[in-house]
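First the structure, in the form of C-alpha cells, and then the observations on it.
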Amino acid sequence: MALTKQTLTLISISILLFCTIYARETSSPAASPGTLSNLYNLLPSIGLQKVMIASPSEEINVATKQLQVIEQKTNELVKTMRTRLADLAAPKEPRKCLMQCADNLVSAIDDIKLSITSINDETFWKAKINVNAASEDVGRCRDCFAASHTEYPEFKTFDAWYKGVSAECVKNLEHVKR
C-alpha cells in the first residue's frame with residue numbers, strides 16, 4: 001500500500017519533533033544520552049502514554065487480589081443488607097428484594113471463592129467462568145431492585161464498583177494463556 005504525501009509528511013514531522021525533544025533532553029547534565037529507557041521516558045512529554053504490559057504472573061496476582069477485594073466487599077454488603085432486613089419495617093416488596101439479593105450475593109461470594117481456587121489450580125478459564133457467574137448473581141439483584149422500583153443506594157454504589165473491577169479482572173484472566 002502506497003503511503004500518501006500527507007502520511008509521509010506527518011511521519012516526518014513526528015520524527016523531527018521526537019528527535020528535537022530527544023536532543024534537548026539528552027543535552028541536560030542529568031540525562032545520559034543514547035539509552036532506550038531515556039527515550040521511553042520522554043513519551044509523556046510529547047503527549048504519548050506509556051503502556052505497561054504486565055507479565056502473566058503479575059496479571060494472575062492482580063486478578064487474585066481483585067477477587068479477594070470483591071469477596072470482602074460483597075461480604076460487607078450482605079451484612080449490611082441483613083442488618084437492614086432485621087431493622088426494616090418496610091413493605092413486603094423491598095424486603096423481598098433485600099432477601100433475594102442477599103442470597104444472590106452469597107452465591108456470588110461462592111463463585112468468587114471458586115474463581116480464586118481455579119486461579120490457584122491454574123485453570124484460568126474456570127476462574128473466568130466463575131467471575132461471570134458471580135456477575136450474573138449481582139445482575140439478579142439489580143433486576144430485582146429495578147422491577148420493584150426500589151432504590152438501595154448501598155447496592156447501587158457496590159454495583160457500579162463491581163462492574164468495573166470484575167470487568168478488569170476478566171481482562172486480566174483473558175491475557176493469561178494456560
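Residue names in the C-alpha cells use chain letters A, B, ... in the order shown, residue numbers from 1 in each chain, and ligand numbers from 1 in the order shown.
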
Item to check | Neighbour list for A:Lys163 as a PyMOL selection string, cut-off 12 Å, only C-alpha atoms, skip fewer than 3 positions in-chain | outcome: chain A and resi 66+70+131-132+134-136+138-139+142+155-160+166-170

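Considering only C-alpha atoms, the residue among A:Ile15, A:Ile116, A:Cys144, A:Ala102 positioned nearest to A:Asn130 is A:Ile116.
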
Checklist entry - Which residues, written as a list in words, have at least one atom at most 12 Å from A:Gln68, with only C-alpha atoms counted and residues fewer than 6 positions away on the same chain left out? => result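 Here the answer would be Asn61, Val62, Thr74, Asn75, Ile109, Asp110, Asp111, Ile112, Lys113, Leu114, Ser115, Ile116, Thr117, Ile119, Val131, Val165, Ser166 and Cys169 of chain A.
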
Item to check | Selected residue of minimal separation from A:Ala108 among A:Ser57, A:Ser148, A:Val78, A:Asp143, counting only C-alpha atoms | outcome: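 Using only C-alpha atoms, the shortest distance to A:Ala108 belongs to A:Val78.
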
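Neighbours of A:Leu98 closer than or equal to 10 Å, with only C-alpha atoms counted and sequence neighbours fewer than 3 positions away skipped, come out as A:Val78, A:Met81, A:Arg82, A:Arg84, A:Leu85, A:Glu93, A:Pro94, A:Arg95, A:Cys101, A:Ala102, A:Asp103, A:Asn104, A:Cys141, A:Cys144, A:Phe145, A:Thr150, A:Tyr152, A:Phe155.
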